[in-house]
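In what follows, a single structure is set out as structure tokens and then discussed.
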Amino acid sequence: MPSQPTGATLLKELSSIQPQTLDNDPQARQNALSLSRKLTAALEDPTNAAVDMMFAPFIPSAVRIAVELHLFESLCESESPLSTAKLGDLTGADSLLLNRILRLLASINFVQESGPDRSSTTPTTHAMANPNIAAGHRFVWDILVEANVQYHHFLKETHFKLPLEPTDHVIQFAHGTKYHTFEYLAKLRPDRFTDFHLFMGNTMGARSYWVDWYPVAERLLDGLDASSGSLLVDVDGGKGHDLQAFIKKFPDTKGKLVLQDLPEALASIKDGDLDRRIYKQDQDFFAPNQEVGARAYLMHHILHDWSDKYALKILEPIVKAMKRGYSKLLIHDLVLPDAGVTSYQARWDMTMMTFNAGMERSRSQWQSLLSAAGLEIVQFCHGPDGEDADGLVEAVLKA
Ligand SMILES: C[S@@+](CC[C@H](N)C(=O)[O-])C[C@H]1O[C@@H](n2cnc3c(N)ncnc32)[C@H](O)[C@@H]1O
């Protein structure tokens, strides 16, 4: 077994980082963050680490209660610290209950304790007050975590087989439905489906868009043949945030930009939210794709929702629509290393396994999936946001 670095070694490595690089070098910042997490793990007593984990789920549970009460918004709207009694008036919650939630939130720096029974904000309070992040918390907790807590029961019943079927996995088991996740959300949980779309339109957080680090000019615009088909088809693009970013970066580019999704997803886009040059198109991704011979087909956070069996069914119509030697498929998902996956990456993988029996894929898993679909990988691209951010897999039809 490889030996773990000691606290002393990690501390030495951390102290060798130049403080000024933390502000101007994203790589150095990532490195410091990763080392400090490893240092925390190395310093923790192993028994305490094991016991602490038992109680870890109560943290996001308290955060979910605070989201329900709009506690973060109330704190952000006030110019001065608020007493717990005042927060009780604003949220309608019992003040002793609030006091207990607030002290947990202060212990994780989600709010600041400015004195006994007084709270104010930290930068994380402001992030939590962002409506899109709050929507993500509601969606992930109410739909995914509430199902995930039953995963061990489900897997025991199914003899620990890897779940592959979108209509027979833990969502159906835990929520008592026969619908697959998207149908269940659309038909029975419209409030959480709205949250899902709000969150999905904003999953980039502070990360840079692919158009900022993938060589768009060289790989897509050079050699563009407008007579062949569209320039860029965002296959199931949700609210169209990727095409918006594309137009912002390349405002003068000629070429058709197509946003495909299910009619209900497209209908949730408000007038004026989308640039007029973006053409909205109803498209079920299991059906033949209407955009033949496009320069590029983008799939952002699509394939990780599905097991390989369904990913291949989704890829088939795109492969049929692609023009050999011209069209490119751009897959925007995590690209896990074959070893040394980070906690964040592994949590996304578990999220996908819960969401729709999907998965995050490693380099070699992408290679074998795409090869089975008749595609070959040209390159894996990564942006400046470090290993936890999505990568881009560029693939073309096999020669
Ligand atoms: C995880 S979201 C990703 C959306 C978008 N690409 C983004 O990055 O924000 C998955 C999308 O797949 C769409 N979807 C689910 N089932 C579909 C189907 N059968 N045909 C077409 N789109 C579907 C959903 O409406 C949703 O917009």
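In the structure tokens, each chain is lettered A, B, ... as it comes, each chain's residues begin at 1, and ligands are numbered from 1 in order of appearance.
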
Under the rule of at most 9 Å, produce a per-residue listing of chain A near ligand 1: chain, number, name, the closest pair of atoms, and the distance in Å, as a Markdown table, using only C-alpha atoms and all ligand atoms.
```
| residue | atom | partner | partner_atom_place_in_ligand_line | distance |
| --- | --- | --- | --- | --- |
| A:Thr181 | CA | ligand 1 | 15 (C) | 8.9 |
| A:Phe182 | CA | ligand 1 | 15 (C) | 6.1 |
| A:Glu183 | CA | ligand 1 | 16 (N) | 8.4 |
| A:Phe196 | CA | ligand 1 | 2 (S) | 8.2 |
| A:His197 | CA | ligand 1 | 27 (O) | 7.0 |
| A:Leu198 | CA | ligand 1 | 9 (O) | 8.9 |
| A:Phe199 | CA | ligand 1 | 9 (O) | 8.1 |
| A:Met200 | CA | ligand 1 | 9 (O) | 4.4 |
| A:Gly201 | CA | ligand 1 | 9 (O) | 4.7 |
| A:Asn202 | CA | ligand 1 | 9 (O) | 7.2 |
| A:Thr203 | CA | ligand 1 | 9 (O) | 7.1 |
| A:Met204 | CA | ligand 1 | 8 (O) | 8.7 |
| A:Asp234 | CA | ligand 1 | 6 (N) | 7.1 |
| A:Val235 | CA | ligand 1 | 6 (N) | 6.9 |
| A:Asp236 | CA | ligand 1 | 22 (N) | 4.8 |
| A:Gly237 | CA | ligand 1 | 6 (N) | 3.6 |
| A:Gly238 | CA | ligand 1 | 27 (O) | 3.8 |
| A:Lys239 | CA | ligand 1 | 9 (O) | 6.3 |
| A:Gly240 | CA | ligand 1 | 5 (C) | 7.1 |
| A:His241 | CA | ligand 1 | 9 (O) | 6.8 |
| A:Asp242 | CA | ligand 1 | 8 (O) | 7.3 |
| A:Gln260 | CA | ligand 1 | 21 (C) | 7.4 |
| A:Asp261 | CA | ligand 1 | 22 (N) | 4.6 |
| A:Leu262 | CA | ligand 1 | 21 (C) | 4.8 |
| A:Pro263 | CA | ligand 1 | 25 (O) | 8.2 |
| A:Glu264 | CA | ligand 1 | 25 (O) | 7.4 |
| A:Ala265 | CA | ligand 1 | 25 (O) | 5.1 |
| A:Leu266 | CA | ligand 1 | 25 (O) | 8.1 |
| A:Asp282 | CA | ligand 1 | 21 (C) | 8.0 |
| A:Gln283 | CA | ligand 1 | 21 (C) | 5.6 |
| A:Asp284 | CA | ligand 1 | 20 (N) | 3.4 |
| A:Phe285 | CA | ligand 1 | 20 (N) | 4.0 |
| A:Phe286 | CA | ligand 1 | 19 (N) | 6.0 |
| A:Ala287 | CA | ligand 1 | 20 (N) | 8.0 |
| A:Leu298 | CA | ligand 1 | 6 (N) | 8.2 |
| A:Met299 | CA | ligand 1 | 6 (N) | 6.1 |
| A:His300 | CA | ligand 1 | 6 (N) | 4.2 |
| A:His301 | CA | ligand 1 | 3 (C) | 4.8 |
| A:Ile302 | CA | ligand 1 | 10 (C) | 5.2 |
| A:Leu303 | CA | ligand 1 | 1 (C) | 8.6 |
| A:His304 | CA | ligand 1 | 1 (C) | 8.2 |
| A:Asp305 | CA | ligand 1 | 1 (C) | 6.7 |
| A:Ile314 | CA | ligand 1 | 19 (N) | 8.5 |
| A:His332 | CA | ligand 1 | 8 (O) | 8.2 |
```

Spatial neighbours of A:Leu221, max dist 10 Å, only C-alpha atoms, sep filter under 2 positions, as a list in words: Pro215, Val216, Ala217, Glu218, Arg219, Gly223, Leu224, Asp225, Leu231, Thr253, Lys254, Gly255 and Arg295 of chain A

Which polymer residues have any atom within 9 Å of an atom of stretch 376-384 of chain A, counting only C-alpha atoms, with same-chain residues fewer than 2 positions away left out, as a PDB file with C-alpha atoms, in the first residue's frame?
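Written output follows (part_31.pdb):
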```
ATOM      1  CA  PRO A  26      -5.442  29.785 -10.187  1.00  0.00           C
ATOM      2  CA  GLN A  27      -3.224  26.682 -10.370  1.00  0.00           C
ATOM      3  CA  ARG A 207     -15.908  28.633 -13.882  1.00  0.00           C
ATOM      4  CA  SER A 208     -14.919  29.766 -17.356  1.00  0.00           C
ATOM      5  CA  TYR A 209     -16.897  28.656 -20.405  1.00  0.00           C
ATOM      6  CA  TRP A 210     -15.469  26.124 -22.872  1.00  0.00           C
ATOM      7  CA  ASP A 212     -12.697  30.527 -23.510  1.00  0.00           C
ATOM      8  CA  TRP A 213     -10.305  27.577 -23.537  1.00  0.00           C
ATOM      9  CA  TYR A 214     -11.252  25.224 -26.376  1.00  0.00           C
ATOM     10  CA  VAL A 335     -13.237  13.543 -17.634  1.00  0.00           C
ATOM     11  CA  ARG A 363     -10.623   8.742 -19.984  1.00  0.00           C
ATOM     12  CA  TRP A 366     -14.923   7.628 -22.693  1.00  0.00           C
ATOM     13  CA  GLN A 367     -12.596   5.834 -25.136  1.00  0.00           C
ATOM     14  CA  LEU A 370     -17.228   6.420 -28.058  1.00  0.00           C
ATOM     15  CA  SER A 371     -15.441   3.653 -29.910  1.00  0.00           C
ATOM     16  CA  ALA A 373     -20.588   4.317 -31.007  1.00  0.00           C
ATOM     17  CA  GLY A 374     -18.323   4.482 -34.101  1.00  0.00           C
ATOM     18  CA  GLY A 386      -8.501  22.613 -12.430  1.00  0.00           C
ATOM     19  CA  GLU A 387      -9.259  18.947 -12.243  1.00  0.00           C
ATOM     20  CA  ALA A 389     -14.096  21.278 -13.647  1.00  0.00           C
ATOM     21  CA  ASP A 390     -15.579  19.631 -16.731  1.00  0.00           C
ATOM     22  CA  GLY A 391     -13.367  18.824 -19.659  1.00  0.00           C
ATOM     23  CA  LEU A 392     -14.253  18.666 -23.338  1.00  0.00           C
ATOM     24  CA  VAL A 393     -13.948  15.459 -25.337  1.00  0.00           C
ATOM     25  CA  GLU A 394     -13.604  16.150 -29.066  1.00  0.00           C
ATOM     26  CA  ALA A 395     -14.545  13.201 -31.247  1.00  0.00           C
ATOM     27  CA  VAL A 396     -15.074  12.554 -34.948  1.00  0.00           C
ATOM     28  CA  LEU A 397     -16.471   9.663 -36.969  1.00  0.00           C
ATOM     29  CA  LYS A 398     -14.004   6.783 -37.183  1.00  0.00           C
ATOM     30  CA  ALA A 399     -12.038   6.887 -40.440  1.00  0.00           C
TER      31      ALA A 399
END
```

Length of the atom CA of A:Asp388 to atom CA of A:Gly340 vector [Å]: 11.7 Å
